[in-house]
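**Student:** Contents of upload-v2.txt (compact mmCIF, C-alpha atoms and all ligand atoms) are below:
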# COMPACT_ATOMS: atom_id res chain seq x y z
CA MET A 1 14.07 -18.47 -21.63
CA ASN A 2 11.29 -18.78 -24.20
CA THR A 3 11.79 -16.13 -26.88
CA GLN A 4 8.85 -17.14 -29.02
CA VAL A 5 6.28 -14.38 -29.64
CA VAL A 6 2.88 -14.13 -31.30
CA TYR A 7 1.24 -10.95 -32.53
CA GLU A 8 -2.03 -9.98 -30.88
CA PRO A 9 -4.31 -8.40 -33.48
CA ALA A 10 -5.22 -4.75 -32.85
CA ARG A 11 -8.83 -4.41 -31.75
CA GLN A 12 -11.33 -1.87 -30.52
CA VAL A 13 -12.38 -2.17 -26.90
CA PRO A 14 -15.29 -0.53 -25.06
CA VAL A 15 -14.63 2.41 -22.76
CA TYR A 16 -15.89 1.47 -19.30
CA GLY A 17 -15.87 5.08 -18.14
CA SER A 18 -13.96 8.33 -17.66
CA TRP A 19 -12.99 9.63 -14.23
CA ASP A 20 -10.99 12.56 -12.90
CA VAL A 21 -8.79 10.26 -10.84
CA VAL A 22 -8.20 6.56 -11.47
CA VAL A 23 -6.49 4.64 -8.69
CA ILE A 24 -4.96 1.27 -9.54
CA GLY A 25 -4.83 -0.98 -6.49
CA GLY A 26 -7.13 -1.05 -3.46
CA GLY A 27 -4.59 -1.68 -0.70
CA ILE A 28 -4.19 0.85 2.13
CA ALA A 29 -2.42 3.32 -0.20
CA GLY A 30 -5.11 3.04 -2.86
CA VAL A 31 -7.92 3.40 -0.35
CA ALA A 32 -6.30 6.52 1.14
CA ALA A 33 -5.72 7.99 -2.33
CA ALA A 34 -9.27 7.31 -3.47
CA LEU A 35 -10.78 8.69 -0.26
CA ALA A 36 -8.69 11.86 -0.38
CA ALA A 37 -9.58 12.52 -4.02
CA ALA A 38 -13.28 11.71 -3.70
CA ARG A 39 -13.72 13.75 -0.52
CA ALA A 40 -12.16 16.70 -2.34
CA GLY A 41 -14.92 16.46 -4.95
CA ALA A 42 -13.26 14.53 -7.79
CA SER A 43 -14.89 11.63 -9.61
CA VAL A 44 -12.81 8.59 -8.68
CA CYS A 45 -12.58 5.00 -9.90
CA LEU A 46 -10.70 2.49 -7.76
CA VAL A 47 -9.56 -0.55 -9.75
CA GLU A 48 -8.70 -3.67 -7.75
CA LYS A 49 -7.77 -7.06 -9.18
CA GLU A 50 -9.00 -8.93 -6.09
CA ASN A 51 -12.51 -8.83 -4.64
CA ALA A 52 -12.00 -6.84 -1.46
CA LEU A 53 -10.07 -3.81 -0.23
CA GLY A 54 -7.00 -3.68 2.00
CA GLY A 55 -4.38 -5.50 -0.10
CA LEU A 56 -1.70 -7.08 2.07
CA ALA A 57 -3.30 -5.66 5.23
CA THR A 58 -6.46 -7.75 4.81
CA LEU A 59 -5.96 -10.31 2.03
CA GLY A 60 -2.45 -11.06 3.27
CA ASN A 61 -3.42 -11.20 7.00
CA VAL A 62 -0.88 -8.49 7.85
CA LEU A 63 -2.89 -7.41 10.84
CA VAL A 64 -0.56 -5.05 12.68
CA TYR A 65 -1.08 -1.34 11.98
CA LEU A 66 2.45 -0.14 12.77
CA PRO A 67 3.00 3.10 14.72
CA LEU A 68 1.89 6.59 13.81
CA CYS A 69 4.40 8.01 16.30
CA ASP A 70 8.16 8.43 16.59
CA GLY A 71 8.54 6.19 19.65
CA ARG A 72 9.43 9.21 21.82
CA GLY A 73 5.83 10.26 22.43
CA LYS A 74 5.23 12.44 19.35
CA GLN A 75 2.56 11.55 16.82
CA VAL A 76 3.99 12.21 13.35
CA ALA A 77 1.47 10.59 11.00
CA ALA A 78 -2.16 11.69 11.15
CA GLY A 79 -5.00 12.57 8.77
CA LEU A 80 -6.19 9.48 6.89
CA ALA A 81 -3.39 7.41 8.44
CA ALA A 82 -5.09 7.95 11.82
CA GLU A 83 -8.62 7.55 10.45
CA LEU A 84 -7.72 4.26 8.75
CA MET A 85 -6.18 3.05 12.01
CA ARG A 86 -9.38 3.88 13.92
CA ILE A 87 -11.51 2.26 11.22
CA SER A 88 -9.44 -0.93 11.44
CA LEU A 89 -10.97 -1.41 14.91
CA ARG A 90 -14.56 -0.48 13.99
CA TYR A 91 -16.01 -3.99 14.13
CA SER A 92 -13.89 -5.35 16.96
CA ALA A 93 -13.52 -5.03 20.71
CA ALA A 94 -9.96 -3.69 20.38
CA GLN A 95 -9.17 -0.05 21.12
CA LEU A 96 -6.36 2.40 20.59
CA PRO A 97 -3.68 2.14 23.33
CA GLU A 98 -5.07 3.87 26.42
CA CYS A 99 -2.35 6.52 26.63
CA TRP A 100 -3.09 7.57 23.02
CA GLN A 101 -6.77 8.15 23.67
CA PRO A 102 -7.81 11.83 24.01
CA ASP A 103 -7.68 11.81 27.82
CA GLY A 104 -4.72 9.38 27.96
CA ASN A 105 -1.56 9.77 30.03
CA ILE A 106 0.78 11.75 27.79
CA ALA A 107 3.90 10.71 29.71
CA GLU A 108 3.17 7.07 28.83
CA ARG A 109 3.27 7.80 25.11
CA SER A 110 7.04 7.60 24.95
CA LYS A 111 6.84 4.09 26.41
CA GLN A 112 4.00 2.70 24.33
CA ARG A 113 3.79 3.29 20.59
CA LEU A 114 0.60 4.23 18.76
CA ARG A 115 -0.02 0.93 16.98
CA VAL A 116 -2.87 -1.58 16.94
CA SER A 117 -3.67 -5.12 15.84
CA PHE A 118 -6.87 -5.52 13.83
CA ASN A 119 -9.12 -8.24 12.48
CA PRO A 120 -8.46 -8.44 8.70
CA ALA A 121 -11.96 -9.70 7.86
CA ALA A 122 -13.66 -6.90 9.80
CA TYR A 123 -11.28 -4.36 8.25
CA MET A 124 -12.36 -5.41 4.74
CA ILE A 125 -15.91 -4.41 5.64
CA SER A 126 -15.07 -1.06 7.20
CA LEU A 127 -12.71 -0.06 4.36
CA GLU A 128 -15.36 -0.81 1.77
CA GLU A 129 -17.99 1.15 3.72
CA LEU A 130 -15.70 4.17 3.90
CA VAL A 131 -14.87 4.13 0.21
CA LEU A 132 -18.50 3.70 -0.86
CA ALA A 133 -19.62 6.49 1.48
CA ALA A 134 -17.14 8.82 -0.25
CA GLY A 135 -18.78 8.08 -3.62
CA VAL A 136 -15.85 6.18 -5.15
CA GLN A 137 -16.67 3.90 -8.09
CA LEU A 138 -15.27 0.51 -7.15
CA MET A 139 -14.18 -1.85 -9.92
CA TYR A 140 -13.36 -5.23 -8.40
CA ASP A 141 -11.97 -8.28 -10.13
CA THR A 142 -10.35 -5.92 -12.61
CA ARG A 143 -6.66 -5.85 -13.47
CA CYS A 144 -4.82 -3.00 -15.16
CA CYS A 145 -2.85 -4.78 -17.85
CA ALA A 146 -1.69 -2.03 -20.23
CA VAL A 147 -1.69 1.73 -20.62
CA GLN A 148 -1.63 4.05 -23.60
CA VAL A 149 0.83 6.93 -23.26
CA GLU A 150 0.41 9.87 -25.61
CA ASN A 151 2.22 13.20 -25.38
CA ASN A 152 3.84 12.24 -22.10
CA ARG A 153 0.55 11.38 -20.36
CA ILE A 154 -1.56 8.28 -19.83
CA SER A 155 -4.59 8.70 -22.10
CA ALA A 156 -6.13 5.27 -21.50
CA ILE A 157 -5.80 2.39 -19.06
CA PHE A 158 -6.59 -1.07 -20.38
CA VAL A 159 -8.20 -3.45 -17.94
CA GLU A 160 -9.56 -6.97 -17.99
CA ASN A 161 -12.44 -8.31 -15.96
CA LYS A 162 -15.60 -10.43 -16.27
CA SER A 163 -16.86 -8.16 -19.05
CA GLY A 164 -13.70 -8.74 -21.08
CA ARG A 165 -11.07 -6.21 -22.06
CA GLY A 166 -11.97 -2.54 -21.84
CA ALA A 167 -10.50 0.91 -21.38
CA ILE A 168 -10.75 3.59 -18.72
CA VAL A 169 -10.05 7.21 -19.55
CA PRO A 170 -8.34 9.08 -16.69
CA GLN A 171 -7.31 12.66 -16.04
CA VAL A 172 -4.82 11.62 -13.38
CA VAL A 173 -3.65 8.09 -12.54
CA ILE A 174 -2.41 6.91 -9.14
CA ASP A 175 -0.31 3.76 -9.10
CA ALA A 176 -1.13 2.08 -5.79
CA SER A 177 -0.54 -1.43 -7.14
CA GLY A 178 2.24 -2.05 -4.61
CA ASP A 179 4.36 -3.34 -7.50
CA ALA A 180 4.59 -0.13 -9.58
CA ASP A 181 2.66 -1.92 -12.34
CA VAL A 182 1.39 1.30 -13.92
CA CYS A 183 4.76 3.06 -13.74
CA TYR A 184 6.35 0.05 -15.42
CA LEU A 185 3.65 -0.30 -18.07
CA ALA A 186 3.86 3.44 -18.83
CA GLY A 187 7.62 3.19 -19.42
CA ALA A 188 8.73 5.08 -16.31
CA ALA A 189 12.01 3.98 -14.68
CA THR A 190 11.49 1.31 -12.03
CA VAL A 191 13.70 -0.87 -9.83
CA SER A 192 13.04 -4.47 -8.74
CA LEU A 193 14.33 -6.13 -5.60
CA HIS A 194 15.02 -9.86 -5.49
CA THR A 195 15.17 -10.33 -1.73
CA ASN A 196 11.63 -11.24 -0.66
CA ARG A 197 11.57 -14.02 1.90
CA ARG A 198 9.15 -16.94 1.91
CA SER A 199 6.32 -15.90 4.24
CA GLY A 200 3.01 -17.35 5.35
CA TRP A 201 0.95 -15.31 7.82
CA TYR A 202 -2.14 -17.34 8.67
CA LEU A 203 -4.80 -17.54 11.34
CA SER A 204 -5.40 -20.79 13.12
CA HIS A 205 -7.87 -21.98 15.69
CA GLN A 206 -6.21 -23.17 18.86
CA GLU A 207 -7.70 -24.50 22.07
CA ASN A 208 -7.76 -21.00 23.55
CA GLY A 209 -9.08 -19.14 20.49
CA VAL A 210 -7.86 -17.82 17.16
CA ARG A 211 -4.17 -16.92 16.85
CA ILE A 212 -1.99 -15.37 14.18
CA ASN A 213 1.05 -17.30 13.02
CA MET A 214 3.60 -14.91 11.49
CA LEU A 215 5.87 -17.16 9.49
CA SER A 216 8.80 -15.78 7.50
CA ASP A 217 12.18 -17.22 6.59
CA PRO A 218 14.96 -15.61 8.68
CA LEU A 219 16.82 -12.42 7.88
CA PRO A 220 18.97 -11.72 6.00
CA ALA A 221 16.94 -12.93 3.05
CA GLY A 222 18.45 -16.03 1.53
CA SER A 223 20.39 -16.99 4.67
CA GLY A 224 20.92 -20.72 5.16
CA GLY A 225 20.01 -21.28 1.52
CA ALA A 226 16.40 -20.09 1.96
CA PRO A 227 14.90 -19.11 -1.41
CA THR A 228 14.31 -15.46 -2.34
CA PHE A 229 11.75 -13.96 -4.69
CA ALA A 230 11.36 -10.77 -6.75
CA GLY A 231 7.67 -10.86 -7.60
CA ASP A 232 7.83 -8.99 -10.88
CA ASP A 233 7.04 -11.89 -13.22
CA TRP A 234 4.42 -14.64 -13.30
CA GLN A 235 6.83 -17.45 -12.50
CA ASP A 236 8.09 -15.78 -9.36
CA VAL A 237 4.60 -14.89 -8.17
CA THR A 238 3.55 -18.49 -8.67
CA ARG A 239 6.64 -19.83 -6.86
CA MET A 240 6.08 -17.44 -3.94
CA ASN A 241 2.43 -18.49 -3.53
CA ILE A 242 3.32 -22.18 -3.52
CA ALA A 243 6.31 -21.70 -1.21
CA GLY A 244 4.22 -19.69 1.28
CA ARG A 245 1.55 -22.38 1.48
CA GLN A 246 4.22 -25.07 1.81
CA MET A 247 5.63 -23.12 4.75
CA ILE A 248 2.19 -23.01 6.37
CA LYS A 249 1.73 -26.74 5.78
CA GLU A 250 5.07 -27.50 7.46
CA HIS A 251 4.00 -25.39 10.45
CA LEU A 252 0.64 -27.15 10.63
CA MET A 253 2.21 -30.58 10.49
CA GLN A 254 4.42 -29.62 13.38
CA HIS A 255 1.80 -27.93 15.56
CA ALA A 256 -1.68 -29.09 14.57
CA ALA A 257 -1.30 -32.55 13.05
CA PRO A 258 -0.08 -34.22 16.28
CA SER A 259 -3.55 -33.61 17.84
CA GLY A 260 -5.29 -34.94 14.72
CA PHE A 261 -6.35 -31.34 13.89
CA ALA A 262 -9.12 -31.66 16.50
CA ASN A 263 -8.21 -28.57 18.51
CA ALA A 264 -5.90 -26.75 16.11
CA TYR A 265 -6.58 -26.03 12.46
CA PRO A 266 -6.12 -23.22 9.92
CA VAL A 267 -8.99 -20.73 9.54
CA ALA A 268 -7.64 -17.99 7.25
CA MET A 269 -4.82 -18.21 4.73
CA PRO A 270 -3.29 -15.26 2.85
CA VAL A 271 -4.94 -15.07 -0.57
CA ILE A 272 -2.33 -12.81 -2.15
CA PRO A 273 1.44 -13.46 -2.14
CA LEU A 274 3.30 -11.91 0.80
CA PHE A 275 5.82 -9.75 -1.04
CA ARG A 276 7.32 -6.98 1.02
CA MET A 277 9.27 -5.14 -1.69
CA THR A 278 8.92 -5.97 -5.37
CA ARG A 279 9.19 -3.14 -7.91
CA ARG A 280 9.13 0.58 -7.22
CA LEU A 281 9.28 3.84 -9.06
CA GLN A 282 12.75 5.29 -9.59
CA ALA A 283 12.26 9.04 -9.85
CA ASP A 284 15.01 11.67 -9.96
CA PHE A 285 15.02 11.65 -6.17
CA GLU A 286 14.97 8.63 -3.86
CA LEU A 287 14.36 9.05 -0.14
CA ASP A 288 17.11 7.33 1.88
CA GLU A 289 17.39 6.07 5.44
CA SER A 290 20.08 8.75 6.00
CA ASP A 291 17.36 11.39 5.41
CA ASP A 292 16.17 10.89 9.00
CA HIS A 293 15.24 14.35 10.45
CA ARG A 294 15.84 16.03 7.08
CA TRP A 295 13.36 18.70 6.06
CA PHE A 296 12.23 18.94 2.43
CA ASP A 297 10.43 22.01 1.13
CA ASP A 298 7.98 19.73 -0.69
CA THR A 299 7.16 17.56 2.35
CA VAL A 300 3.66 16.08 2.02
CA GLY A 301 3.58 13.96 5.18
CA MET A 302 5.73 12.57 7.98
CA ILE A 303 6.38 9.07 9.33
CA GLY A 304 8.35 7.40 12.09
CA ASP A 305 10.48 4.27 11.85
CA TRP A 306 8.53 1.19 12.95
CA ARG A 307 11.75 -0.61 13.88
CA LYS A 308 13.10 1.85 16.44
CA ALA A 309 12.30 4.96 18.45
CA GLY A 310 13.61 8.33 17.33
CA PRO A 311 13.76 8.66 13.55
CA ILE A 312 11.29 10.94 11.74
CA PHE A 313 11.11 11.05 7.97
CA CYS A 314 9.59 13.82 5.88
CA ILE A 315 8.17 12.42 2.64
CA PRO A 316 8.87 14.77 -0.27
CA TYR A 317 6.30 15.12 -3.04
CA ARG A 318 9.02 14.32 -5.58
CA THR A 319 9.09 10.66 -4.39
CA LEU A 320 5.56 10.26 -5.74
CA ARG A 321 6.03 11.49 -9.28
CA THR A 322 8.08 10.87 -12.38
CA LYS A 323 9.05 13.35 -15.06
CA GLN A 324 8.50 10.60 -17.62
CA VAL A 325 4.69 10.58 -17.33
CA GLY A 326 2.96 13.89 -16.61
CA ASN A 327 -0.32 12.66 -15.11
CA LEU A 328 0.95 9.76 -12.99
CA LEU A 329 1.58 9.57 -9.24
CA ALA A 330 2.79 6.63 -7.16
CA ALA A 331 1.58 5.83 -3.63
CA GLY A 332 2.26 3.16 -1.02
CA ARG A 333 5.04 0.63 -1.15
CA CYS A 334 6.09 1.56 -4.70
CA ILE A 335 7.18 5.21 -4.20
CA SER A 336 10.72 6.35 -5.08
CA VAL A 337 13.04 5.40 -2.20
CA THR A 338 16.35 3.61 -1.75
CA GLU A 339 16.50 0.04 -0.51
CA SER A 340 17.20 1.10 3.07
CA ALA A 341 14.29 3.57 3.19
CA TRP A 342 11.98 1.07 1.47
CA GLU A 343 11.99 -0.99 4.64
CA ILE A 344 10.52 2.06 6.42
CA THR A 345 8.10 3.46 3.82
CA ARG A 346 6.52 0.13 2.82
CA VAL A 347 4.47 -0.30 6.01
CA ILE A 348 0.79 0.46 6.50
CA PRO A 349 0.93 3.94 8.12
CA ALA A 350 3.42 5.22 5.54
CA CYS A 351 1.26 3.83 2.72
CA ALA A 352 -1.73 5.74 4.12
CA VAL A 353 0.33 8.96 4.31
CA THR A 354 1.56 8.72 0.71
CA GLY A 355 -1.89 7.64 -0.50
CA GLN A 356 -3.52 10.73 1.00
CA ALA A 357 -0.82 12.96 -0.47
CA ALA A 358 -1.23 11.43 -3.93
CA GLY A 359 -5.04 11.64 -3.88
CA THR A 360 -4.96 15.27 -2.76
CA ALA A 361 -2.28 16.20 -5.29
CA ALA A 362 -4.26 14.52 -8.07
CA VAL A 363 -7.29 16.72 -7.40
CA GLN A 364 -5.18 19.85 -7.34
CA ALA A 365 -3.56 18.79 -10.63
CA LEU A 366 -6.97 18.70 -12.31
CA LYS A 367 -6.77 22.51 -12.42
CA SER A 368 -3.79 22.21 -14.77
CA GLY A 369 -5.13 19.49 -17.04
CA GLY A 370 -3.95 16.67 -14.79
CA ARG A 371 -0.28 17.69 -14.84
CA VAL A 372 1.09 16.62 -11.50
CA ASP A 373 4.38 18.48 -12.03
CA ALA A 374 2.69 21.84 -12.47
CA LEU A 375 1.04 22.21 -9.09
CA ASP A 376 1.78 24.67 -6.34
CA VAL A 377 3.33 22.55 -3.55
CA LYS A 378 2.61 25.16 -0.87
CA GLU A 379 -1.08 24.98 -1.73
CA LEU A 380 -0.91 21.16 -1.59
CA GLN A 381 0.70 21.32 1.86
CA ASN A 382 -1.97 23.76 3.10
CA THR A 383 -4.75 21.48 1.83
CA LEU A 384 -3.17 18.43 3.47
CA CYS A 385 -2.71 20.27 6.77
CA ALA A 386 -6.36 21.34 6.68
CA GLN A 387 -7.20 17.61 6.38
CA GLY A 388 -5.26 16.89 9.56
CA VAL A 389 -1.98 15.74 7.99
CA ILE A 390 1.09 16.63 10.06
CA ILE A 391 3.67 18.66 8.12
CA LYS A 392 5.63 20.46 10.84
CA ARG A 393 9.27 21.38 10.53
CA GLU A 394 9.49 21.98 14.28
CA LEU A 395 8.96 18.23 14.89
CA ILE A 396 12.42 17.52 13.55
CA MET A 397 14.24 20.50 15.07
C1 LIG A 401 4.86 -10.80 5.42
C2 LIG A 401 4.61 -9.33 5.58
C3 LIG A 401 4.50 -8.79 6.86
C4 LIG A 401 4.25 -7.43 7.02
N1 LIG A 401 4.07 -6.92 8.28
C5 LIG A 401 3.62 -5.67 8.45
C6 LIG A 401 3.17 -5.23 9.73
O1 LIG A 401 3.21 -5.95 10.71
N2 LIG A 401 2.67 -3.95 9.80
C7 LIG A 401 2.65 -3.09 8.75
O2 LIG A 401 2.23 -1.93 8.91
N3 LIG A 401 3.08 -3.49 7.53
C8 LIG A 401 3.53 -4.76 7.35
N4 LIG A 401 3.86 -5.22 6.11
C9 LIG A 401 3.86 -4.27 4.99
C10 LIG A 401 2.47 -3.83 4.58
O3 LIG A 401 1.51 -4.81 4.83
C11 LIG A 401 2.37 -3.50 3.10
O4 LIG A 401 3.57 -3.05 2.57
C12 LIG A 401 1.30 -2.45 2.88
O5 LIG A 401 0.07 -2.95 3.38
C13 LIG A 401 1.26 -2.13 1.40
O6 LIG A 401 0.15 -1.35 1.06
P1 LIG A 401 -0.05 -0.89 -0.44
O7 LIG A 401 -1.41 -0.33 -0.52
O8 LIG A 401 1.08 -0.04 -0.89
O9 LIG A 401 0.09 -2.22 -1.31
P2 LIG A 401 -0.72 -3.59 -1.27
O10 LIG A 401 -1.24 -3.89 0.05
O11 LIG A 401 0.18 -4.57 -1.95
O12 LIG A 401 -1.98 -3.28 -2.21
C14 LIG A 401 -1.87 -3.24 -3.60
C15 LIG A 401 -3.24 -3.62 -4.18
O13 LIG A 401 -3.20 -3.48 -5.59
C16 LIG A 401 -3.80 -4.60 -6.22
N5 LIG A 401 -3.16 -4.70 -7.52
C17 LIG A 401 -1.87 -5.01 -7.78
N6 LIG A 401 -1.62 -4.96 -9.08
C18 LIG A 401 -2.78 -4.59 -9.69
C19 LIG A 401 -3.15 -4.36 -11.04
N7 LIG A 401 -2.27 -4.49 -12.04
N8 LIG A 401 -4.43 -4.01 -11.32
C20 LIG A 401 -5.34 -3.88 -10.29
N9 LIG A 401 -5.04 -4.10 -9.00
C21 LIG A 401 -3.77 -4.42 -8.71
C22 LIG A 401 -3.51 -5.75 -5.28
O14 LIG A 401 -4.43 -6.80 -5.42
C23 LIG A 401 -3.61 -5.07 -3.90
O15 LIG A 401 -4.92 -5.12 -3.38
C24 LIG A 401 4.13 -6.58 5.90
C25 LIG A 401 4.23 -7.12 4.61
C26 LIG A 401 4.46 -8.47 4.45
C27 LIG A 401 4.54 -9.05 3.07
What does this structure look like when you write it as C-alpha cells?
**Tutor:**
Amino acid sequence: MNTQVVYEPARQVPVYGSWDVVVIGGGIAGVAAALAAARAGASVCLVEKENALGGLATLGNVLVYLPLCDGRGKQVAAGLAAELMRISLRYSAAQLPECWQPDGNIAERSKQRLRVSFNPAAYMISLEELVLAAGVQLMYDTRCCAVQVENNRISAIFVENKSGRGAIVPQVVIDASGDADVCYLAGAATVSLHTNRRSGWYLSHQENGVRINMLSDPLPAGSGGAPTFAGDDWQDVTRMNIAGRQMIKEHLMQHAAPSGFANAYPVAMPVIPLFRMTRRLQADFELDESDDHRWFDDTVGMIGDWRKAGPIFCIPYRTLRTKQVGNLLAAGRCISVTESAWEITRVIPACAVTGQAAGTAAVQALKSGGRVDALDVKELQNTLCAQGVIIKRELIM
C-alpha cells in the first residue's frame, strides 16, 4: 500500500448555490427523494456525477422493476414507487400486468406479481421530465467529493464539475449515492461488503430483435474462484468495470462472433459498474431479514421480498438517519440494514420507498432548522399516507 501523502493547499471555492434539500445521487432513490421534497415546496438540488438519471436502473441496464406487492395479491409499496413504475413504461408499448390494472382480475394478483420490464433509454427521458417538472435544480456531471461538518451538521458540500471545485450550502442532505459516500465523508459509521459478483448486463441485437443479456458470476459470490469486489475504493471500481466488460466480451465471442457479428452485436453496455451492495450507513438500528411482518412505530413505508411470496417489511425511519450528523438522511441501497436485509432493500421499489420517505422527512425537518432527529414521526407518516404511501399495520396482522 502506498503511504505517501501530499498536502493540498487550503483554498477558497465559489458557492454554486444554497438549497433547502440537497440530494446526492440521481438513481431511483435520489429521484424519489428530490421529487418528494420539491413537490412539498422545498428548493431542491439533485447532484449526479453521471449525465442522466436512473443510476443502476438506466445506466446499468437493470431493466426489471421488481414487485410492489407481497406475492400473495396485496400491494404493499405505492406512492412514488408506483408512479416511478408507471413512468418507466411511458415511452414504450409495455403495460402494467393486466390483473394489476384498475379493472383487472383481483384473484389473479396472487399468481402474477406487480413488476414490469422497462426500456432503460426511454426511462432516462421520463425520469428527467418528471424531475424538471417538479422544479428540481439538476446538477449533472458533478461529484460530491467532500463535506464540511460543523456542530454535528453538514454546513457545506464540496463538488467538482466542469466549472471546477465549488461548494453547495444545504439545509438538509440526502445521501442517495448508493455507496453511502456522504455518510462516509461526513464521518458517520458505515459498513462495506466485499461480495459483489462480476456482472455485465447488456443489450444486444439478435436476429429477432433486441434482447437483454443478464450476466453475473454464480452465487454464492466467489464460488469456483470467481473474483469478488467491494466497490469502495478506486482500484476496486476500476477492476469491476474491466471485469464486467471482459465478461460481456466472452459472452459475445461465444454467441455473436461465430456469425461474424452480422446478425448479433452489442447495442447498449452498462456505463456504471454493476455493484449490488457496496457501503451502507450503520445507524443504531439495522433492519434484518428476521424483521419480516414486524411493525415499527416509525414505519415510513412497506416493501415485499422480490425473491419469494409472503414476506412484508416495514421500513423504520431510524434506518435512514444517523445520530452522528443531524441534517443527513440516507435513501436507497445505502440505508441501515443487515447483510440479509440488504438483499431485499437494495432493489428498485424499495429504493423508491426510502427515497420518498427521506425527501418528505427532509422537508418536515426544515421547520426545525434541518434537524432530522427532531421531527414528529406521526406527522411524517400522515404526510406520506396523504401522498399515497402504504403504511398499514393491518397488512401484517
Ligand atoms: C447486476 C444487478 C442486477 C440487478 N437487478 C435488479 C432487478 O432486476 N430489479 C431491481 O429492482 N433491482 C435490481 N438491482 C438493484 C437495483 O438496480 C439497485 O440497487 C437500485 O437501482 C439502486 O438505486 P439507488 O438509487 O439506491 O442507487 P444507484 O442506482 O446506484 O444510484 C446512485 C446514483 O448516485 C450517483 N453517485 C454516486 N456517488 C456519487 C457522488 N459521490 N456524487 C454524485 N453522484 C454520485 C451514481 O452515479 C448513481 O446515479 C440490480 C443491481 C445489479 C448491480
**Student:** Scan for residues within 6 Å of the point (-0.1, 5.0, 28.3) in the coordinates of the file, using only C-alpha atoms, and reply as a PDB file with C-alpha atoms, in the coordinates of the input.
**Tutor:**
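Just written: out.pdb:
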ATOM      1  CA  GLU A  98      -5.070   3.870  26.420  1.00  0.00           C
ATOM      2  CA  CYS A  99      -2.350   6.520  26.630  1.00  0.00           C
ATOM      3  CA  ASN A 105      -1.560   9.770  30.030  1.00  0.00           C
ATOM      4  CA  GLU A 108       3.170   7.070  28.830  1.00  0.00           C
ATOM      5  CA  ARG A 109       3.270   7.800  25.110  1.00  0.00           C
TER       6      ARG A 109
END
**Student:** Which residue gives the smallest distance to Val76 (chain A) among A:Pro316, A:Gly260, A:Gly104, A:Gly310, with all atoms listed in the file counted?
**Tutor:** A:Gly310
**Student:** Identify, counting only C-alpha atoms and all ligand atoms, the protein, DNA and RNA residues located within 7 Å of ligand LIG 401 (chain A), and give them as a ChimeraX atom specification.
**Tutor:** /A:24-30,47-50,53-57,62-66,142-145,176-179,181,199-201,216,274-276,331-334,346-349,351
**Student:** How many Å separate CA of Met277 (chain A) from CA of Thr228 (chain A)?
**Tutor:**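 Calculated distance between CA of Met277 (chain A) and CA of Thr228 (chain A) is 11.5 Å.
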**Student:** May I have the residues within 10 Å of Ser163 (chain A) as an mmCIF file with C-alpha atoms, in the coordinates of the input, using all atoms listed in the file and disregarding those fewer than 4 positions away in the same chain?
**Tutor:**
data_model
loop_
_atom_site.group_PDB
_atom_site.id
_atom_site.type_symbol
_atom_site.label_atom_id
_atom_site.label_comp_id
_atom_site.auth_asym_id
_atom_site.auth_seq_id
_atom_site.Cartn_x
_atom_site.Cartn_y
_atom_site.Cartn_z
ATOM 1 C CA PRO A 14 -15.290 -0.530 -25.060
ATOM 2 C CA TYR A 16 -15.890 1.470 -19.300
ATOM 3 C CA THR A 142 -10.350 -5.920 -12.610
ATOM 4 C CA VAL A 159 -8.200 -3.450 -17.940
#
**Student:** With a distance cut-off of 10 Å and only C-alpha atoms, select the neighbouring residues of Val169 (chain A), excluding the residue or stretch itself and same-chain residues fewer than 6 positions from it, and output the selection as a PyMOL selection string.
**Tutor:** chain A and resi 15-22+148+154-158
**Student:** Using the selection just defined, write its residues with C-alpha atoms as a CSV table (one decimal), in the frame of the given file.
**Tutor:**
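To be explicit, this is the file written out as selection_21.csv:
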chain,number,residue,atom,x,y,z
A,15,VAL,CA,-14.6,2.4,-22.8
A,16,TYR,CA,-15.9,1.5,-19.3
A,17,GLY,CA,-15.9,5.1,-18.1
A,18,SER,CA,-14.0,8.3,-17.7
A,19,TRP,CA,-13.0,9.6,-14.2
A,20,ASP,CA,-11.0,12.6,-12.9
A,21,VAL,CA,-8.8,10.3,-10.8
A,22,VAL,CA,-8.2,6.6,-11.5
A,148,GLN,CA,-1.6,4.0,-23.6
A,154,ILE,CA,-1.6,8.3,-19.8
A,155,SER,CA,-4.6,8.7,-22.1
A,156,ALA,CA,-6.1,5.3,-21.5
A,157,ILE,CA,-5.8,2.4,-19.1
A,158,PHE,CA,-6.6,-1.1,-20.4
**Student:** Could you tell me which of A:Gly73, A:Gln235, A:Ser290, A:Ile125 comes closest to Asn51 (chain A) if we count all atoms listed in the file?
**Tutor:**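 Counting all atoms listed in the file, the residue closest to Asn51 (chain A) is A:Ile125.
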**Student:** At what distance in Å, to one decimal, does CA of Leu384 (chain A) lie from CA of Leu130 (chain A)?
**Tutor:**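 Those two atoms sit 19.0 Å apart.
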**Student:** Between CA of Ser117 (chain A) and CA of Ala243 (chain A), what is the spacing in Å?
**Tutor:** 25.8 Å
**Student:** Which residue gives the smallest distance to Ala78 (chain A) among A:Ala358, A:Val325, A:Ala10, A:Leu114, with all atoms listed in the file counted?
**Tutor:** A:Leu114
**Student:** I want to know what sits within 7 Å of Phe313 (chain A), based on all atoms listed in the file, with residues of the same chain fewer than 5 positions away left out; could you give that as a list of chain:residue names?
**Tutor:**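 After dropping sequence-adjacent residues, the list is A:Asp291, A:Asp292, A:His293, A:Arg294, A:Met302, A:Ile303, A:Gly304.
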**Student:** Using the selection just defined, write its residues with C-alpha atoms as a JSON list (two decimals), in the frame of the given file.
**Tutor:**
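Output file out21.json follows:
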[["chain", "number", "residue", "atom", "x", "y", "z"],
["A", 291, "ASP", "CA", 17.36, 11.39, 5.41],
["A", 292, "ASP", "CA", 16.17, 10.89, 9.00],
["A", 293, "HIS", "CA", 15.24, 14.35, 10.45],
["A", 294, "ARG", "CA", 15.84, 16.03, 7.08],
["A", 302, "MET", "CA", 5.73, 12.57, 7.98],
["A", 303, "ILE", "CA", 6.38, 9.07, 9.33],
["A", 304, "GLY", "CA", 8.35, 7.40, 12.09]]
**Student:** Give as a count of residues only every residue, naming chains and numbers as the document does, that has an atom within 9 Å of (6.6, 3.7, 14.0), counting only C-alpha atoms.
**Tutor:** 21
**Student:** Would you mind listing what lies within 7 Å of Gly359 (chain A) as a list in words, with all atoms listed in the file counted and same-chain residues fewer than 4 positions away left out?
**Tutor:**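 Final neighbour list, sorted by chain and number: Ala33, Ala34, Ala36, Ala37, Gly355 and Val363 of chain A.
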